[in-house]
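Engineer: Before anything else, here's the structure in question.
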Amino acid sequence: MGRNRLNLAIGLGATCSGCDITIVDLAEYLPKVLSSVNIAFWPTAADLKLKDLEAMANGSIDLCLYHGAIVNEENAEMARLLRRKSKLMVAFGSCACFGGVPGLANLATKDSLLETVYGTPSTDNPKGLKPQGEALVGEYRMAVPKRLDAVLPLSGVVEVDYSIPGCPPQTSQVKDAFEAILSSDLPPRGSVIGPAKNLCDECPRKREGKSISKIVRAHETIADQERCLLDQGILCMGPATRAGCDAKCIKANMRCEGCMGPPDGVGDQGAKMLGAIASILGLEGEDKMSEEDVARLMDGIVDPVGLFYLFSLPSSILRRRLWEV
Amino acid sequence: MNDVRADLKNLKIGVYVCHCGKNIADVVDVKRVADFASKLPGVEVAREYLHMCDDVGQEMISKDIMELGINRVVVAACSPKVHELTFRDTLRKAGLNPYLLEMANIREQCSWVHRSDPDRATEKAIDLVKMAVAKARWLIPLETKAVEVTRSALVIGGGIAGIQAALDVADNGYQVYLVEKGPSLGGRMGQWSKVFPTMDCAACILTPKMVSAAQHPKIKLLTNSELIEASGSLGNFKVKIRKRPRYVDEEKCTACGLCAQKCPVRIPNEVDFGMSSRKAIYITSPNAVPLAYSIDGENCLYLKRGICRVCERVCEAKAIDFDQKEEVLELRVGSIIVAIGYDPFDPTPLEEYGFGRYKDVVTGPMLERMTDPMGPTGGAILRPSTGKPPRKVAFIQCVGSRDARFNLYCSRVCCMYAIKDSLIIKEQNPESDVYIFYMDIRAFGKGYEEFYLRSQEAGVKFIRGKVSSIREDPRTHELVLRYEDTLLGTALEDSFDLVVLSVGQVPRADTDAISKILGIPRSADGFLMEAHPKLRPNDAVVDGIYLAGSAQYPKDIPDAVAQASGAAARALIPLSMGQVYVEPISPLIEEDRCGGCGVCVKLCPYGALKLEEREDKRVAKVDEVLCKGCGTCSAACPSGAVRSRMFTEEQILSMISSAAG
Amino acid sequence: MMDDALERAFRERVAKRFGMKKGSMSLAIEEAIREWMRSEEEAKGVKEAKVEIPLEHVEEAPPPSPEFAEEIIRASGENINKCIQCGNCVASCPSGRITAYNSRRIIRKASMGYKEEVLRSIELWLCTTCYTCVERCPRKIDVVNAILTMRNMAVENGWMLDPHKVVSMNLMKTGHAVPIDQATRERRKELGLSELPPTVHQYERALLDVQHILKETGFFELVEKAQPQKAGSA
Amino acid sequence: MGRKYALFLGCLIPNRYPGIEAAARKVLPRIGIELADMNGASCCPAPGVVKSFSRPAWLAVAARNLCIAEDMALDVLTFCNGCYGTLADANHSLKADRALRDSVNSKLKEVGMVFKGSVGVRHLAEVLMKEVTPEGIRRAVTKPLGLRAAVHYGCHLIKPKVLREWVGSAERPTFLDELTEALGAESVEWEDKMACCGAGGGVRSAVLDVSLRMLNRKLLSAKEAGADFILNVCPFCHLQFDRGQIELQRLYGLQPYDMPVLHYVQALGLAMGYGPHELGVDMNFVGMDRILSKLP
């Protein structure tokens with residue numbers, strides 16, 4: 001590492017900051033990273049102000065890892081600013097890659113969201129106050145950033161060079177990414193850093209047929225540790241999810257929820273999984289089933305959007321719900 | 001071969017818009033379509049012409065390929081079903097991979113269906129061309145694969161069509177397996193006595209054919225047998241045949257008939273539609289081929305209850321063999337001819353005619369059996385209720401045919417057989433009155449109109465009107481028919497002592513089973529569907545399977561025989577070629593994307609996919625011979641690893657975005 | 001009761017006219033009744049049993065209007081052009097057996113566009129809507145539905161039979177096509193039922209509602225514009 | 001056991017043959033059919049006439065009647081074939097066709113109603129066949145009739161069959177014969193049994209002579225078959241058979257047929273031991289002596 005240190009920025013939008021923890025989780029590898037980078041901007045860890053960032057020359061940051069979804073105008077502005085300042089822009093974590101869990105807000109309107117947050121009986125808000133766009137506080141005019149019409153992934157506002165999915169990404173992925181960048185051995189632009197295949201490739205379980213005769217929700221059963229969860233009627237997202245997490249949930253006897261997003265070549269994770277489920281659901285004895293039987297089987301799928309698009313709604317072909325005006 | 005990425009550099013697309021004479025050009029503004037296409041990105045040239053499929057049209061395309069370096073071809077013309085092969089050939093001859101062709105169907109999908117709205121038909125044609133061009137950008141060169149052919153054929157059904165097809169294939173020197181479900185060849189024709197319009201004796205012309213089929217060195221006759229499983233494809237089918245035991249040694253049996261005389265079991269004879277009875281050991285006809293008795297396992301006392309064995313005791317030839325077991329034969333054949341025939345329509349659901357309730361209401365086929373010297377009445381037409389000859393007979397045409405409540409199609413044979421039977425009645429009893437109630441008389445074949453005339457000359461009365469109901473007079477037991485003579489415009493009632501319901505042909509009860517086993521679809525009327533109603537009437541939708549006789553649609557004997565010979569000629573093509581080329585329809589499985597989840601494996605309707613174990617992983621693998629290219633796997637693959645070569649995701653998505661954009 | 005001599009004489013006549021065979025007796029009786037009815041009607045000045053088509057309605061046959069069939073198809077959803085004129089409906093028709101009513105011909109005329117002739121004919125009103133033809137039609141045409149649609153069109157044109165106007169007036173006035181009468185009131189009481197049934201007869205407010213609906217749907221207007229039309233005898 | 005229905009009376013039953021209404025109110029609760037009045041119901045309206053004049057008016061008035069039952073949350077029960085024809089067919093059309101429903105509801109809105117499509121329409125014969133069953137009837141019968149009945153189904157009870165799957169066969173149905181046999185009566189085979197009585201379609205009101213000539217054929221054939229009485233399940237057929245006999249006599253001077261006519265509920269009442277007067281049987285135009293004298 002004789003040459004100049006890399007200028008590193010870590011930007012954030014609508015995030016839980018779990019992605020920050022991933023970087024900290026690099027543990028024994030962290031010193032090596034820190035010794036080769038110069039933290040140009042990292043609101044979570046370093047005291048740098050917006051105006052410091054604005055003052056930097058365009059393209060002066062070598063690498064920006066951006067985590068969190070784009071929910072409001074401030075997020076969008078921050079993303080655009082970092083894009084201008086950075087040579088490489090990486091969507092870091094599933095929120096930045098696909099919209100993530102905050103993306104489920106696309107099922108609601110702005111008003112109904114505020115209603116849920118500020119108006120539910122468990123909220124201590126006796127006066128029923130709700131955030132205003134702008135307010136005068138003393139002599140100051142205070143503005144809350146305007147919410148966008150829909151939650152977007154990072155790629156919804158700026159061009160993204162690489163994606164590192166995961167909720168949060170695996171430390172191994174982060175390590176690989178740093179290695180690649182530090183050694184200038186970069187994959188083609190637009191690539192996802194992670195294995196191309198689906199999770200089944202890493203899954204240690206035994207699979208027999210693939211035909212679901214009854215849908216079982218995860219909390220309704222204790223799954224057999226050895227057998228494929230789908231074979232047991234649990235709608236595991238593994239087949240439509242990128243590998244790379246070492247099947248951690250699966251090994252904990254928990255279905256894959258799809259946080260790594262779709263594997264290479266798949267545009268819409270939820271649609272692909274729905275297609276697969278629709279194909280194998282009730283396959284056995286299908287010819288003997290009545291309309292009602294089919295309907296009953298389908299009713300086993302509770303909250304389909306939450307099930308198939310937990311992490312990827314904003315980047316799917318669905319994107320958001322539409323309301324009749 | 002594994003590279004599925006299209007070469008997007010140096011794209012030179014040629015677009016060719018066809019007038020199809022006036023078929024397209026009368027409605028669609030072909031010039032506007034071509035002008036529009038010429039401005040699309042990547043399009044080098046766009047032309048329109050009278051008939052793209054003719055020599056000049058094809059020459060136009062190959063010249064562009066060779067001179068302008070066109071490397072993707074879009075033809076906007078008819079359905080690819082009609083001319084895709086033609087244009088692929090054009091490309092091949094011009095040195096371009098034939099799969100770099102895309103067709104936009106602006107005839108069936110535009111000019112034909114939107115005749116009344118030329119402007120919008122043109123807009124739709126433009127959209128289709130736009131989408132075809134978008135897809136063409138992503139086309140990839142594909143290779144056909146040559147497969148060795150098993151030089152033998154399977155013929156299913158031993159009626160006149162099956163016999164003819166088997167003889168034609170065998171006479172060309174190839175091995176034929178002729179599978180018949182019943183104990184004898186002959187089929188429906190074997191049940192008829194005289195056949196129209198020549199009135200010759202059916203047995204006299206059928207029996208020699210049955211014998212030559214049975215004795216042909218290249219024909220292996222399998223009676224009491226049925227197809228139970230099939231796999232493979234054109235050139236290489238693997239079939240399983242279940243052969244039920246006859247319990248009589250065909251070689252030893254002399255057909256003396258003593259066994260049947262002594263057999264104590266009496267059941268309705270299906271050959272006579274239940275008008276007579278037969279024994280549990282029986283022969284369908286004295287002309288049966290093979291000429292040997294057969295024991296009906298469903299009804300034999302010994303086989304059902306372990307008692308009797310009378311036949312065994314009386315048989316001097318010692319031909320009875322209760323030790324025969326059911327066998328399952330596995331055969332390999334290169335082509336399959338399906339000639340399973342038809343069933344007569346059962347008129348019971350037409351309650352207004354009282355069939356089954358009134359003894360003297362019979363069906364046409366039942367009357368046919370009465371005219372047979374070997375039939376239940378020894379050839380005499382008699383009223384079932386009295387056993388006496390009828391004095392006044394009515395034929396009701398189109399029973400269950402041309403009737404939206406049952407079968408919408410015309411059964412094609414009923415007019416002629418009713419006319420034939422009317423003549424036989426007149427021959428047997430010139431004093432009798434015969435009326436034929438019809439909606440239209442369809443006498444379309446050679447010699448048929450003349451036959452109709454003969455019947456009119458013989459005094460048969462033709463009344464244009466559909467009989468609405470039949471009621472039996474409780475006192476006279478005569479049948480009272482209500483009808484309107486539509487040519488007179490009067491509603492009338494008249495009494496008859498025998499009523500014949502001219503029922504048509506319906507798909508055989510086992511058509512569904514055969515259609516599922518062979519994977520060949522049926523058309524809306526329930527008959528087996530042909531690959532193209534005009535240009536490929538002998539081919540089933542699946543390559544290598546051919547249709548003969550009434551399995552495809554109601555037919556009379558000349559048509560069934562003609563189609564059988566046609567089907568045989570088609571079935572001989574792969575056999576004599578020795579090699580067949582398989583279309584690159586099977587999906588490409590990208591191993592670096594496949595996680596081996598196995599979703600596709602169970603799903604494949606043809607069992608063409610399996611998981612292959614590798615050192616540390618499993619991947620899906622496709623058997624190209626079994627695959628029919630349906631695309632189910634590629635739609636279902638959750639990781640996008642299975643790709644249909646001719647419908648890649650890029651191709652489809654680009655079509656969608658060009659249509660939306 | 002018939003006296004024996006008369007019966008013998010009748011039987012002899014029957015034998016002469018219809019021959020000695022089974023069924024001739026019933027044929028003869030039917031014919032006798034028909035003859036009888038005709039003579040009785042003539043004697044009493046009752047109009048001829050056959051329905052007459054008033055001459056003024058058919059004197060000038062207007063040219064066919066090809067869009068008539070389309071109108072019927074649109075209004076009824078029945079494609080009358082599918083008819084193959086097999087006559088099954090006529091043969092099934094209880095009315096057609098005894099009158100000039102011929103549903104096949106009406107459908108044919110409608111299909112060919114003879115609008116006036118069809119809509120003005122009394123024949124149109126001879127269908128009892130028994131649906132036998134509908135069950136048996138080999139083209140699955142709901143003949144009754146088509147006929148009712150044509151009747152709607154006739155009424156729309158002001159052609160409504162007088163007795164039907166009376167029924168309609170009853171409905172508009174009382175909410176019942178057949179309203180209660182004094183004799184029935186008495187019988188109801190005798191049977192232990194309420195004098196008026198718990199229908200619109202008891203509930204005035206409900207009657208107003210029915211009348212409102214009939215007005216809203218244009219029924220009042222239809223009945224009012226109906227011109228006087230004669231029908232068969234009553 | 002036992003089901004409750006919204007009783008739709010129509011016109012002829014309450015306003016011309018109250019005996020049928022009285023019989024139903026007495027008899028049906030005893031075989032487990034509870035009746036609730038549809039207060040303020042009107043004419044169904046008649047399928048033969050009103051539907052012939054204006055389909056929109058017919059549909060809207062029918063919808064209003066259905067709404068009354070919807071408010072009661074009960075299926076409609078009728079024992080008039082005409083009412084059944086109107087209400088069942090209108091109910092089907094309105095449930096199946098959203099545009100039609102919207103247009104009718106826009107009319108109903110003004111009288112404070114809305115058609116929801118929440119109830120079914122049953123003919124008494126269907127309920128008796130499927131829920132009470134002939135066996136149930138047989139158990140309730142104390143005085144088997146021992147008569148020969150000419151069973152008349154009537155057209156709108158069984159046709160159009162597409163909307164009446166329960167009927168089984170429209171050409172040769174058997175359910176009413178089975179229900180009749182359950183009364184201890186014999187159902188005779190008669191020519192033109194399934195033919196129309198001639199009343200429907202506005203024919204009786206407008207062209208009586210055509211209507212009566214159809215009736216005459218039916219009466220002749222019932223007589224020839226040796227029937228003691230005609231059994232029906234529709235007050236309009238009932239009226240045609242009953243009053244029609246008198247009209248044939250009066251207008252054409254025919255000899256009286258003297259053929260008694262009973263609605264099924266009345267016949268059931270007799271078989272359950274009610275007196276003819278309680279069932280209003282003696283209110284018919286045609287006398288009942290011929291059968292009453294034969295009853296056990």
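Chain labels A, B, ... are given in the sequence in which chains occur in the structure tokens; within each chain residues are numbered consecutively from 1, and ligands are likewise numbered from 1 in the order shown.
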Excluding same-chain residues fewer than 3 positions from Val76 (chain D), what lies within 10 Å of it counting only C-alpha atoms, as a list of chain:residue names?

Structural biologist: D:Lys4, D:Tyr5, D:Ala6, D:Leu7, D:Phe8, D:Leu35, D:Ala36, D:Met38, D:Asn65, D:Leu66, D:Ile68, D:Ala69, D:Glu70, D:Met72, D:Ala73, D:Tyr84, D:Leu87, D:Ala88, D:Val119, D:Gly120, D:Val121, D:Arg122, D:His123, D:Leu124

Engineer: With 6 Å as the limit and counting only C-alpha atoms, what residues in chain B lie close to chain C? Please list them as a list in words.

Structural biologist: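 Here they are: Asp403, Ala404, Met439, Gly465, Lys466, Ser468, Arg482, Tyr483, Glu484, Thr486 and Ala491 of chain B.
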
Engineer: At a cut-off of 7 Å, which residues of chain A touch chain B? Count only C-alpha atoms and give the answer as a PyMOL selection string.

Structural biologist: chain A and resi 196-201+209-210+239-240+263+265-266+272-273+275-276+279-280

Engineer: Okay, now the selection with N, CA and C atoms, as a PDB file, in the first residue's frame?

Structural biologist:
```
ATOM      1  N   ALA A 196     -23.359 -15.693  -8.534  1.00  0.00           N
ATOM      2  CA  ALA A 196     -24.417 -15.492  -9.525  1.00  0.00           C
ATOM      3  C   ALA A 196     -25.615 -16.402  -9.267  1.00  0.00           C
ATOM      4  N   LYS A 197     -25.382 -17.462  -8.520  1.00  0.00           N
ATOM      5  CA  LYS A 197     -26.411 -18.510  -8.430  1.00  0.00           C
ATOM      6  C   LYS A 197     -27.440 -18.226  -7.348  1.00  0.00           C
ATOM      7  N   ASN A 198     -28.424 -19.116  -7.299  1.00  0.00           N
ATOM      8  CA  ASN A 198     -29.414 -18.953  -6.252  1.00  0.00           C
ATOM      9  C   ASN A 198     -28.986 -19.682  -4.978  1.00  0.00           C
ATOM     10  N   LEU A 199     -29.726 -19.427  -3.920  1.00  0.00           N
ATOM     11  CA  LEU A 199     -29.331 -19.897  -2.600  1.00  0.00           C
ATOM     12  C   LEU A 199     -29.317 -21.423  -2.502  1.00  0.00           C
ATOM     13  N   CYS A 200     -30.169 -22.082  -3.336  1.00  0.00           N
ATOM     14  CA  CYS A 200     -30.221 -23.547  -3.287  1.00  0.00           C
ATOM     15  C   CYS A 200     -28.831 -24.147  -3.480  1.00  0.00           C
ATOM     16  N   ASP A 201     -28.005 -23.419  -4.200  1.00  0.00           N
ATOM     17  CA  ASP A 201     -26.648 -23.876  -4.455  1.00  0.00           C
ATOM     18  C   ASP A 201     -25.857 -24.027  -3.162  1.00  0.00           C
ATOM     19  N   GLY A 209     -39.072 -34.133  -4.341  1.00  0.00           N
ATOM     20  CA  GLY A 209     -39.808 -33.593  -5.484  1.00  0.00           C
ATOM     21  C   GLY A 209     -39.842 -32.108  -5.304  1.00  0.00           C
ATOM     22  N   LYS A 210     -40.613 -31.459  -6.114  1.00  0.00           N
ATOM     23  CA  LYS A 210     -40.947 -30.081  -5.808  1.00  0.00           C
ATOM     24  C   LYS A 210     -42.393 -29.953  -6.172  1.00  0.00           C
ATOM     25  N   PRO A 239     -34.907 -20.340  -3.871  1.00  0.00           N
ATOM     26  CA  PRO A 239     -34.739 -20.527  -5.309  1.00  0.00           C
ATOM     27  C   PRO A 239     -34.645 -19.223  -6.090  1.00  0.00           C
ATOM     28  N   ALA A 240     -35.256 -18.148  -5.586  1.00  0.00           N
ATOM     29  CA  ALA A 240     -35.235 -16.897  -6.333  1.00  0.00           C
ATOM     30  C   ALA A 240     -34.304 -15.870  -5.678  1.00  0.00           C
ATOM     31  N   PRO A 263     -30.993 -13.600  -8.089  1.00  0.00           N
ATOM     32  CA  PRO A 263     -29.720 -13.974  -8.680  1.00  0.00           C
ATOM     33  C   PRO A 263     -29.535 -13.314 -10.049  1.00  0.00           C
ATOM     34  N   GLY A 265     -29.542 -12.473 -13.796  1.00  0.00           N
ATOM     35  CA  GLY A 265     -30.430 -12.876 -14.876  1.00  0.00           C
ATOM     36  C   GLY A 265     -31.893 -12.825 -14.494  1.00  0.00           C
ATOM     37  N   VAL A 266     -32.170 -12.538 -13.239  1.00  0.00           N
ATOM     38  CA  VAL A 266     -33.574 -12.418 -12.847  1.00  0.00           C
ATOM     39  C   VAL A 266     -33.868 -10.968 -12.540  1.00  0.00           C
ATOM     40  N   LYS A 272     -40.621 -13.981 -10.091  1.00  0.00           N
ATOM     41  CA  LYS A 272     -39.992 -15.256 -10.419  1.00  0.00           C
ATOM     42  C   LYS A 272     -40.405 -16.327  -9.412  1.00  0.00           C
ATOM     43  N   MET A 273     -40.406 -15.924  -8.144  1.00  0.00           N
ATOM     44  CA  MET A 273     -40.750 -16.901  -7.117  1.00  0.00           C
ATOM     45  C   MET A 273     -42.226 -17.279  -7.231  1.00  0.00           C
ATOM     46  N   GLY A 275     -43.942 -17.261  -9.916  1.00  0.00           N
ATOM     47  CA  GLY A 275     -44.040 -18.141 -11.082  1.00  0.00           C
ATOM     48  C   GLY A 275     -43.697 -19.562 -10.706  1.00  0.00           C
ATOM     49  N   ALA A 276     -42.636 -19.704  -9.924  1.00  0.00           N
ATOM     50  CA  ALA A 276     -42.215 -21.046  -9.527  1.00  0.00           C
ATOM     51  C   ALA A 276     -43.248 -21.691  -8.607  1.00  0.00           C
ATOM     52  N   SER A 279     -46.284 -22.785 -10.318  1.00  0.00           N
ATOM     53  CA  SER A 279     -46.060 -23.977 -11.128  1.00  0.00           C
ATOM     54  C   SER A 279     -46.101 -25.249 -10.308  1.00  0.00           C
ATOM     55  N   ILE A 280     -45.604 -25.172  -9.086  1.00  0.00           N
ATOM     56  CA  ILE A 280     -45.491 -26.430  -8.336  1.00  0.00           C
ATOM     57  C   ILE A 280     -46.571 -26.585  -7.273  1.00  0.00           C
TER      58      ILE A 280
END
```

Engineer: Select from region 34-213 of chain A everything DSSP, run on the backbone, classes as strand (DSSP E or B), then give the selection as a PyMOL selection string.

Structural biologist: chain A and resi 37-41+61-67+69-72+86-92+134-137+140-143+147-152+162-164+192+198+206+212

Engineer: Dump as a list in words the residues of chain D that approach chain B to within 9 Å, counting only C-alpha atoms.

Structural biologist: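 Those within range of chain B come out as Ser169, Ala170, Glu171, Arg172 and Glu191 of chain D.
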
Engineer: Go ahead and write the selection's residues with N, CA and C atoms as a PDB file, in the first residue's frame.

Structural biologist:
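Below you can see out25.pdb, which holds the result:
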```
ATOM      1  N   SER D 169     -84.353 -32.975 -15.899  1.00  0.00           N
ATOM      2  CA  SER D 169     -84.739 -33.071 -17.299  1.00  0.00           C
ATOM      3  C   SER D 169     -85.904 -32.139 -17.562  1.00  0.00           C
ATOM      4  N   ALA D 170     -85.811 -31.378 -18.658  1.00  0.00           N
ATOM      5  CA  ALA D 170     -86.930 -30.513 -19.011  1.00  0.00           C
ATOM      6  C   ALA D 170     -87.926 -31.257 -19.895  1.00  0.00           C
ATOM      7  N   GLU D 171     -87.473 -32.334 -20.537  1.00  0.00           N
ATOM      8  CA  GLU D 171     -88.369 -33.093 -21.411  1.00  0.00           C
ATOM      9  C   GLU D 171     -89.223 -34.071 -20.599  1.00  0.00           C
ATOM     10  N   ARG D 172     -88.592 -34.748 -19.698  1.00  0.00           N
ATOM     11  CA  ARG D 172     -89.318 -35.743 -18.895  1.00  0.00           C
ATOM     12  C   ARG D 172     -88.936 -35.642 -17.425  1.00  0.00           C
ATOM     13  N   GLU D 191    -101.126 -38.006 -22.622  1.00  0.00           N
ATOM     14  CA  GLU D 191    -100.576 -37.396 -23.825  1.00  0.00           C
ATOM     15  C   GLU D 191    -100.455 -35.901 -23.587  1.00  0.00           C
TER      16      GLU D 191
END
```
